[in-house]
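Q: Provided below: model.cif, containing mmCIF, C-alpha atoms, pLDDT in the B column; chains and numbers go by the auth columns.
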```cif
data_my_file
loop_
_atom_site.group_PDB
_atom_site.id
_atom_site.type_symbol
_atom_site.label_atom_id
_atom_site.label_comp_id
_atom_site.label_asym_id
_atom_site.label_seq_id
_atom_site.Cartn_x
_atom_site.Cartn_y
_atom_site.Cartn_z
_atom_site.B_iso_or_equiv
_atom_site.auth_seq_id
_atom_site.auth_asym_id
ATOM 1 C CA MET A 1 48.159 148.606 82.240 41.00 1 A
ATOM 2 C CA SER A 2 51.671 149.318 81.029 38.00 2 A
ATOM 3 C CA TRP A 3 53.807 152.276 80.055 36.00 3 A
ATOM 4 C CA MET A 4 56.582 153.121 77.614 36.00 4 A
ATOM 5 C CA VAL A 5 59.955 154.583 78.605 33.00 5 A
ATOM 6 C CA GLN A 6 63.194 155.230 76.749 35.00 6 A
ATOM 7 C CA ASP A 7 66.357 153.460 77.827 34.00 7 A
ATOM 8 C CA CYS A 8 69.785 155.078 77.706 34.00 8 A
ATOM 9 C CA GLY A 9 70.089 154.174 74.016 38.00 9 A
ATOM 10 C CA GLY A 10 66.876 155.953 73.119 39.00 10 A
ATOM 11 C CA ARG A 11 64.978 152.716 72.501 39.00 11 A
ATOM 12 C CA GLN A 12 61.346 152.396 73.550 38.00 12 A
ATOM 13 C CA ARG A 13 60.677 149.714 76.145 37.00 13 A
ATOM 14 C CA ARG A 14 57.375 148.580 77.638 39.00 14 A
ATOM 15 C CA PHE A 15 57.102 147.924 81.344 42.00 15 A
ATOM 16 C CA ALA A 16 54.086 146.328 83.013 50.00 16 A
ATOM 17 C CA MET A 17 52.557 148.010 86.029 65.00 17 A
ATOM 18 C CA LYS A 18 52.220 146.021 89.217 81.00 18 A
ATOM 19 C CA ARG A 19 48.902 144.248 89.599 91.00 19 A
ATOM 20 C CA SER A 20 46.916 144.021 92.790 94.00 20 A
ATOM 21 C CA LEU A 21 45.032 140.912 93.823 95.00 21 A
ATOM 22 C CA SER A 22 42.003 143.150 94.365 93.00 22 A
ATOM 23 C CA ASP A 23 41.917 143.757 90.585 93.00 23 A
ATOM 24 C CA PHE A 24 40.873 140.151 89.954 95.00 24 A
ATOM 25 C CA CYS A 25 37.671 138.151 90.452 94.00 25 A
ATOM 26 C CA GLU A 26 39.434 134.811 90.225 95.00 26 A
ATOM 27 C CA VAL A 27 42.900 133.303 90.293 96.00 27 A
ATOM 28 C CA VAL A 28 43.913 130.228 88.296 95.00 28 A
ATOM 29 C CA LEU A 29 47.102 128.327 89.155 96.00 29 A
ATOM 30 C CA VAL A 30 48.340 126.043 86.357 95.00 30 A
ATOM 31 C CA LEU A 31 51.260 123.815 87.372 96.00 31 A
ATOM 32 C CA ARG A 32 52.963 121.606 84.822 94.00 32 A
ATOM 33 C CA ILE A 33 54.215 118.878 87.124 92.00 33 A
ATOM 34 C CA GLY A 34 56.198 116.881 84.570 90.00 34 A
ATOM 35 C CA THR A 35 56.370 113.222 83.639 89.00 35 A
ATOM 36 C CA GLU A 36 56.944 111.554 87.038 90.00 36 A
ATOM 37 C CA LYS A 37 53.720 110.306 88.572 89.00 37 A
ATOM 38 C CA GLY A 38 55.540 109.931 91.873 92.00 38 A
ATOM 39 C CA ARG A 39 55.606 113.711 92.172 94.00 39 A
ATOM 40 C CA ILE A 40 51.832 113.850 92.596 92.00 40 A
ATOM 41 C CA PRO A 41 50.874 114.124 96.303 93.00 41 A
ATOM 42 C CA VAL A 42 48.883 111.164 97.618 90.00 42 A
ATOM 43 C CA GLU A 43 46.017 113.549 98.415 90.00 43 A
ATOM 44 C CA LEU A 44 45.581 114.179 94.671 90.00 44 A
ATOM 45 C CA ILE A 45 46.443 110.874 93.035 85.00 45 A
ATOM 46 C CA ASP A 46 42.871 109.497 93.171 82.00 46 A
ATOM 47 C CA GLU A 47 41.681 112.595 91.312 77.00 47 A
ATOM 48 C CA LEU A 48 43.957 111.989 88.320 73.00 48 A
ATOM 49 C CA TYR A 49 42.076 112.153 85.042 66.00 49 A
ATOM 50 C CA ASP A 50 43.655 110.110 82.243 60.00 50 A
ATOM 51 C CA PRO A 51 42.322 111.164 78.821 53.00 51 A
ATOM 52 C CA GLY A 52 43.523 107.873 77.346 52.00 52 A
ATOM 53 C CA GLY A 53 46.055 109.330 74.977 46.00 53 A
ATOM 54 C CA ARG A 54 43.945 112.266 73.796 48.00 54 A
ATOM 55 C CA GLU A 55 46.000 115.411 73.366 49.00 55 A
ATOM 56 C CA VAL A 56 44.986 118.068 75.877 51.00 56 A
ATOM 57 C CA TYR A 57 46.037 121.596 75.041 51.00 57 A
ATOM 58 C CA PRO A 58 47.100 123.990 77.796 50.00 58 A
ATOM 59 C CA PRO A 59 44.827 126.940 78.609 51.00 59 A
ATOM 60 C CA GLN A 60 45.002 129.796 76.116 54.00 60 A
ATOM 61 C CA PHE A 61 45.659 133.180 77.667 50.00 61 A
ATOM 62 C CA ARG A 62 44.041 136.051 75.793 65.00 62 A
ATOM 63 C CA GLY A 63 45.128 138.847 78.093 81.00 63 A
ATOM 64 C CA GLU A 64 48.384 140.609 78.899 88.00 64 A
ATOM 65 C CA ARG A 65 51.401 138.867 80.365 91.00 65 A
ATOM 66 C CA PHE A 66 52.634 141.152 83.137 92.00 66 A
ATOM 67 C CA LEU A 67 55.287 138.858 84.606 93.00 67 A
ATOM 68 C CA GLU A 68 57.747 137.401 82.119 93.00 68 A
ATOM 69 C CA PRO A 69 58.848 133.773 82.646 95.00 69 A
ATOM 70 C CA ALA A 70 61.542 133.461 85.307 95.00 70 A
ATOM 71 C CA PRO A 71 62.961 130.167 86.603 95.00 71 A
ATOM 72 C CA ASP A 72 63.692 129.082 90.157 95.00 72 A
ATOM 73 C CA CYS A 73 60.560 130.690 91.644 97.00 73 A
ATOM 74 C CA SER A 74 58.466 129.339 94.522 97.00 74 A
ATOM 75 C CA LEU A 75 54.670 129.576 94.861 97.00 75 A
ATOM 76 C CA ILE A 76 54.737 128.420 98.475 96.00 76 A
ATOM 77 C CA HIS A 77 52.691 131.352 99.837 95.00 77 A
ATOM 78 C CA TRP A 78 49.857 131.403 97.315 95.00 78 A
ATOM 79 C CA PRO A 79 47.240 128.912 98.585 94.00 79 A
ATOM 80 C CA GLU A 80 47.350 130.270 102.138 94.00 80 A
ATOM 81 C CA CYS A 81 47.434 133.938 101.045 94.00 81 A
ATOM 82 C CA LEU A 82 44.372 133.392 98.864 96.00 82 A
ATOM 83 C CA LYS A 83 42.579 131.740 101.781 94.00 83 A
ATOM 84 C CA VAL A 84 43.407 134.664 104.072 94.00 84 A
ATOM 85 C CA ARG A 85 41.931 137.042 101.489 95.00 85 A
ATOM 86 C CA LYS A 86 38.750 134.920 101.398 94.00 86 A
ATOM 87 C CA PHE A 87 39.232 133.525 97.893 96.00 87 A
ATOM 88 C CA GLN A 88 37.398 130.202 97.715 95.00 88 A
ATOM 89 C CA CYS A 89 38.870 127.188 95.907 95.00 89 A
ATOM 90 C CA THR A 90 36.136 126.071 93.479 94.00 90 A
ATOM 91 C CA GLU A 91 38.006 123.701 91.143 92.00 91 A
ATOM 92 C CA ILE A 92 40.951 121.326 91.265 92.00 92 A
ATOM 93 C CA ASP A 93 41.727 119.410 88.089 90.00 93 A
ATOM 94 C CA LEU A 94 44.640 116.985 87.777 90.00 94 A
ATOM 95 C CA THR A 95 45.086 115.715 84.229 87.00 95 A
ATOM 96 C CA GLN A 96 47.502 113.604 82.235 85.00 96 A
ATOM 97 C CA CYS A 97 48.198 115.684 79.137 82.00 97 A
ATOM 98 C CA TRP A 98 50.090 115.023 75.935 78.00 98 A
ATOM 99 C CA ASP A 99 52.587 117.414 74.388 74.00 99 A
ATOM 100 C CA ARG A 100 53.116 115.972 70.910 72.00 100 A
ATOM 101 C CA LYS A 101 54.044 112.412 71.911 72.00 101 A
ATOM 102 C CA ASN A 102 55.210 113.130 75.456 78.00 102 A
ATOM 103 C CA PRO A 103 52.817 112.677 78.402 82.00 103 A
ATOM 104 C CA TYR A 104 52.968 114.958 81.403 87.00 104 A
ATOM 105 C CA TYR A 105 50.816 115.808 84.419 90.00 105 A
ATOM 106 C CA ARG A 106 49.132 119.174 84.884 91.00 106 A
ATOM 107 C CA LEU A 107 47.332 120.617 87.891 93.00 107 A
ATOM 108 C CA LEU A 108 44.781 123.411 87.592 93.00 108 A
ATOM 109 C CA ALA A 109 43.383 125.057 90.725 95.00 109 A
ATOM 110 C CA ARG A 110 40.812 127.870 90.557 95.00 110 A
ATOM 111 C CA PHE A 111 40.118 130.348 93.360 96.00 111 A
ATOM 112 C CA VAL A 112 37.185 132.778 93.244 95.00 112 A
ATOM 113 C CA ARG A 113 36.642 136.044 95.129 94.00 113 A
ATOM 114 C CA PRO A 114 33.697 135.756 97.564 92.00 114 A
ATOM 115 C CA ASP A 115 31.606 138.501 95.941 91.00 115 A
ATOM 116 C CA PHE A 116 31.807 136.707 92.580 90.00 116 A
ATOM 117 C CA LEU A 117 30.891 133.180 93.632 91.00 117 A
ATOM 118 C CA GLN A 118 28.069 131.463 91.785 86.00 118 A
ATOM 119 C CA ALA A 119 25.466 129.162 93.313 86.00 119 A
ATOM 120 C CA SER A 120 27.029 126.179 91.548 84.00 120 A
ATOM 121 C CA ASP A 121 30.563 126.857 92.896 87.00 121 A
ATOM 122 C CA ARG A 122 31.769 124.241 95.376 86.00 122 A
ATOM 123 C CA ASP A 123 34.053 125.124 98.280 88.00 123 A
ATOM 124 C CA PHE A 124 36.864 122.595 97.915 88.00 124 A
ATOM 125 C CA GLY A 125 38.487 123.914 101.082 86.00 125 A
ATOM 126 C CA GLU A 126 35.463 122.773 103.099 89.00 126 A
ATOM 127 C CA ILE A 127 34.358 119.713 101.104 90.00 127 A
ATOM 128 C CA TYR A 128 37.744 118.357 99.973 89.00 128 A
ATOM 129 C CA PRO A 129 40.393 119.756 102.352 92.00 129 A
ATOM 130 C CA SER A 130 42.832 116.970 101.416 92.00 130 A
ATOM 131 C CA LEU A 131 42.788 118.110 97.761 92.00 131 A
ATOM 132 C CA VAL A 132 43.645 121.674 98.773 94.00 132 A
ATOM 133 C CA LEU A 133 46.462 120.241 100.914 95.00 133 A
ATOM 134 C CA GLY A 134 47.764 118.484 97.794 95.00 134 A
ATOM 135 C CA VAL A 135 47.808 121.817 95.937 96.00 135 A
ATOM 136 C CA LYS A 136 49.742 123.398 98.805 96.00 136 A
ATOM 137 C CA LYS A 137 52.301 120.584 98.713 96.00 137 A
ATOM 138 C CA LEU A 138 52.931 121.044 94.977 96.00 138 A
ATOM 139 C CA CYS A 139 53.314 124.811 95.364 97.00 139 A
ATOM 140 C CA ALA A 140 55.915 124.257 98.083 96.00 140 A
ATOM 141 C CA ALA A 141 57.771 121.303 96.539 96.00 141 A
ATOM 142 C CA ALA A 142 59.757 122.987 93.750 97.00 142 A
ATOM 143 C CA GLY A 143 61.093 126.079 92.099 97.00 143 A
ATOM 144 C CA TYR A 144 59.139 126.684 88.896 97.00 144 A
ATOM 145 C CA THR A 145 59.507 128.837 85.823 97.00 145 A
ATOM 146 C CA VAL A 146 56.668 131.243 86.623 96.00 146 A
ATOM 147 C CA GLU A 147 54.803 133.749 84.484 95.00 147 A
ATOM 148 C CA ALA A 148 51.565 135.642 85.127 95.00 148 A
ATOM 149 C CA TYR A 149 48.735 136.898 82.920 94.00 149 A
ATOM 150 C CA ASP A 150 46.000 139.490 83.346 93.00 150 A
ATOM 151 C CA ASN A 151 43.103 137.899 81.431 91.00 151 A
ATOM 152 C CA PRO A 152 39.485 138.637 80.615 88.00 152 A
ATOM 153 C CA LEU A 153 37.234 136.673 82.944 86.00 153 A
ATOM 154 C CA ASN A 154 35.749 133.591 81.294 80.00 154 A
ATOM 155 C CA ARG A 155 32.620 132.129 82.876 78.00 155 A
ATOM 156 C CA ASN A 156 31.125 128.983 81.358 74.00 156 A
ATOM 157 C CA GLY A 157 32.834 129.674 78.046 73.00 157 A
ATOM 158 C CA LYS A 158 31.709 133.311 77.857 78.00 158 A
ATOM 159 C CA LEU A 159 33.766 136.434 78.486 78.00 159 A
ATOM 160 C CA VAL A 160 32.434 138.717 81.242 82.00 160 A
ATOM 161 C CA ASP A 161 33.010 142.358 80.330 81.00 161 A
ATOM 162 C CA GLY A 162 34.749 144.512 82.895 83.00 162 A
ATOM 163 C CA TYR A 163 36.067 141.672 85.046 89.00 163 A
ATOM 164 C CA ARG A 164 39.547 140.186 85.143 93.00 164 A
ATOM 165 C CA ALA A 165 41.151 136.844 85.991 94.00 165 A
ATOM 166 C CA LEU A 166 44.719 136.267 87.144 95.00 166 A
ATOM 167 C CA SER A 167 46.461 133.246 85.611 95.00 167 A
ATOM 168 C CA ILE A 168 49.736 131.997 87.078 96.00 168 A
ATOM 169 C CA ASN A 169 51.586 129.514 84.890 95.00 169 A
ATOM 170 C CA ALA A 170 54.293 127.366 86.485 97.00 170 A
ATOM 171 C CA ASN A 171 56.453 125.073 84.349 95.00 171 A
ATOM 172 C CA ALA A 172 59.775 123.204 84.433 93.00 172 A
ATOM 173 C CA PRO A 173 59.826 122.320 88.153 96.00 173 A
ATOM 174 C CA VAL A 174 63.145 121.875 89.937 95.00 174 A
ATOM 175 C CA TRP A 175 62.224 119.625 92.838 96.00 175 A
ATOM 176 C CA MET A 176 63.560 120.275 96.330 95.00 176 A
ATOM 177 C CA HIS A 177 63.655 116.553 97.139 94.00 177 A
ATOM 178 C CA ALA A 178 64.315 113.369 95.233 91.00 178 A
ATOM 179 C CA LEU A 179 61.520 110.824 94.922 90.00 179 A
ATOM 180 C CA ASP A 180 63.043 108.888 97.828 88.00 180 A
ATOM 181 C CA GLY A 181 62.769 111.983 100.034 89.00 181 A
ATOM 182 C CA ALA A 182 66.460 112.880 100.026 91.00 182 A
ATOM 183 C CA PRO A 183 67.156 116.635 99.690 91.00 183 A
ATOM 184 C CA ALA A 184 68.148 117.769 96.213 92.00 184 A
ATOM 185 C CA LEU A 185 71.617 119.334 96.243 89.00 185 A
ATOM 186 C CA ARG A 186 73.216 122.145 94.259 86.00 186 A
ATOM 187 C CA TRP A 187 76.631 123.787 94.215 81.00 187 A
ATOM 188 C CA ASP A 188 76.828 126.937 96.323 79.00 188 A
ATOM 189 C CA ARG A 189 79.191 128.460 93.706 81.00 189 A
ATOM 190 C CA PRO A 190 80.809 127.270 90.454 77.00 190 A
ATOM 191 C CA LYS A 191 82.048 123.800 91.333 78.00 191 A
ATOM 192 C CA ASN A 192 85.549 124.483 90.020 79.00 192 A
ATOM 193 C CA GLN A 193 86.047 127.306 92.534 81.00 193 A
ATOM 194 C CA ASP A 194 87.943 126.728 95.761 79.00 194 A
ATOM 195 C CA GLY A 195 85.686 125.854 98.649 77.00 195 A
ATOM 196 C CA ALA A 196 82.717 124.931 96.466 78.00 196 A
ATOM 197 C CA MET A 197 80.335 122.600 98.229 87.00 197 A
ATOM 198 C CA LYS A 198 76.913 121.099 97.666 87.00 198 A
ATOM 199 C CA ILE A 199 74.017 122.451 99.721 88.00 199 A
ATOM 200 C CA PRO A 200 70.260 121.668 99.756 90.00 200 A
ATOM 201 C CA TYR A 201 68.425 123.308 96.872 92.00 201 A
ATOM 202 C CA THR A 202 65.928 126.059 97.633 93.00 202 A
ATOM 203 C CA PRO A 203 64.337 128.395 95.039 95.00 203 A
ATOM 204 C CA ALA A 204 66.047 131.775 94.685 93.00 204 A
ATOM 205 C CA LEU A 205 62.796 133.661 93.951 95.00 205 A
ATOM 206 C CA VAL A 206 59.308 133.728 95.408 96.00 206 A
ATOM 207 C CA LEU A 207 56.039 135.106 94.048 96.00 207 A
ATOM 208 C CA ARG A 208 54.377 137.091 96.819 95.00 208 A
ATOM 209 C CA ILE A 209 51.158 138.861 97.633 95.00 209 A
ATOM 210 C CA ASN A 210 52.255 141.885 99.653 94.00 210 A
ATOM 211 C CA ASP A 211 50.337 143.391 102.575 93.00 211 A
ATOM 212 C CA ASP A 212 48.852 145.988 100.204 94.00 212 A
ATOM 213 C CA ALA A 213 47.702 143.088 97.898 94.00 213 A
ATOM 214 C CA THR A 214 50.205 143.903 95.140 94.00 214 A
ATOM 215 C CA ILE A 215 51.709 140.913 93.348 95.00 215 A
ATOM 216 C CA GLU A 216 55.492 140.857 93.256 93.00 216 A
ATOM 217 C CA ARG A 217 58.320 138.454 92.454 94.00 217 A
ATOM 218 C CA THR A 218 61.226 138.974 94.849 93.00 218 A
ATOM 219 C CA MET A 219 64.298 137.236 96.161 92.00 219 A
ATOM 220 C CA ALA A 220 63.336 134.444 98.531 87.00 220 A
#
```
Represent the structure of the file as structure tokens.

A:
Amino acid sequence: MSWMVQDCGGRQRRFAMKRSLSDFCEVVLVLRIGTEKGRIPVELIDELYDPGGREVYPPQFRGERFLEPAPDCSLIHWPECLKVRKFQCTEIDLTQCWDRKNPYYRLLARFVRPDFLQASDRDFGEIYPSLVLGVKKLCAAAGYTVEAYDNPLNRNGKLVDGYRALSINANAPVWMHALDGAPALRWDRPKNQDGAMKIPYTPALVLRINDDATIERTMA
């Protein structure tokens, strides 16, 4: 799933091959929303699970990271692209977690390929469309530090040989709007340069699913 090349200094470097969505039986989006409860869309707030101070550890990824963490990246296209490719949303979990002594909110959304659905899988898109809308809003609301993993598929606590799961981790959100709805602003160039001005913030990168189903991070 990766290859070694030599750079101009003769050093060996490993580069990950592009992954295709068709390689995976399920996709898991894990968004670390942060500490502000006001960032949670109203469609999701009633689903918030509060573990009462119990420390909740983030998912452990046992596979290969094929996209290194990069900030300022949008996931705006993912929920709709997965729907178009017939992936079914089977789980949405919004939890208050604890990192040492600091609470934060985390969203997990799981999407399963139609030929790998189990009888017990619920279709959140049909049963709970407002929850899926909440996931879409969070994906579109910020630029995240995004990384991606190619993992063994885990079903009910057991690894399924020969099948893979895509995990997309999104942390450190930079929100496009303040809590009062006002656009977040950034400098269009170093603020000490002549002509520098503040403009609405938009993420510089976007994680895409291309027409050929390859997964790619590009300029927005």

Q: For A:Leu108, which residue among A:Leu31, A:Arg217, A:Ala196, A:Val174 is the nearest when counting all atoms listed in the file?

A: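 Closest residue, counting all atoms listed in the file: A:Leu31.
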
Q: From the set A:Gly157, A:Pro152, A:Pro41, A:Gly34, which residue has the shortest atom-to-atom contact distance to A:Asn102, counting all atoms listed in the file?

A: A:Gly34

Q: Please evaluate the PyMOL selection byres ((chain A and resi 74) around 8) against the structure above and give the resulting residues as a short mmCIF file (atom, residue, chain, number, x, y, z; two decimals) with C-alpha atoms, in the frame of the given file.

A:
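part_36.cif written:
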```cif
data_model
loop_
_atom_site.label_atom_id
_atom_site.label_comp_id
_atom_site.auth_asym_id
_atom_site.auth_seq_id
_atom_site.Cartn_x
_atom_site.Cartn_y
_atom_site.Cartn_z
CA ASP A 72 63.69 129.08 90.16
CA CYS A 73 60.56 130.69 91.64
CA LEU A 75 54.67 129.58 94.86
CA ILE A 76 54.74 128.42 98.48
CA CYS A 139 53.31 124.81 95.36
CA ALA A 140 55.92 124.26 98.08
CA ALA A 142 59.76 122.99 93.75
CA GLY A 143 61.09 126.08 92.10
CA TYR A 144 59.14 126.68 88.90
CA PRO A 203 64.34 128.40 95.04
CA ALA A 204 66.05 131.78 94.68
CA LEU A 205 62.80 133.66 93.95
CA VAL A 206 59.31 133.73 95.41
CA LEU A 207 56.04 135.11 94.05
#
```

Q: Using only C-alpha atoms, can you tell me which of A:Thr214, A:Leu185, A:Pro114, A:Ala220 comes closest to A:Pro200?

A: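 The closest residue to A:Pro200 is A:Leu185.
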
Q: Select, from A:Arg189, A:Arg113, A:Arg164, A:Lys158, the residue with the minimum atom-to-atom distance to A:Asp23, counting all atoms listed in the file.

A: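 Checking each of A:Arg189, A:Arg113, A:Arg164, A:Lys158 against A:Asp23, counting all atoms listed in the file, the winner is A:Arg164.
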
Q: Nearest to A:Gly125 among A:Val146, A:Ala141, A:Cys89, A:Ala172, with distances taken over all atoms listed in the file: which residue is it?

A: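 Ranking A:Val146, A:Ala141, A:Cys89, A:Ala172 by distance to A:Gly125, first place goes to A:Cys89.
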
Q: Pick from A:His77, A:Lys37, A:Arg65, A:Arg122: nearest to A:Thr90, with only C-alpha atoms counted?

A: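 Looking only at the distances to A:Thr90, the closest residue turns out to be A:Arg122.
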
Q: Might you spell out which residues the PyMOL selection byres ((chain A and resi 87) around 7) would select in the displayed file, as a ChimeraX atom specification?

A: /A:82-83,85-86,88-89,111-114

Q: Please, what distance in Å, to one decimal, runs between atom CA of A:Trp78 and atom CA of A:Val30?

A: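 Distance between the two atoms: 12.3 Å.
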
Q: Just how far from atom CA of A:Thr95 is atom CA of A:Ala109, in Å to one decimal?

A: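 Computing it gives 11.5 Å between the two atoms.
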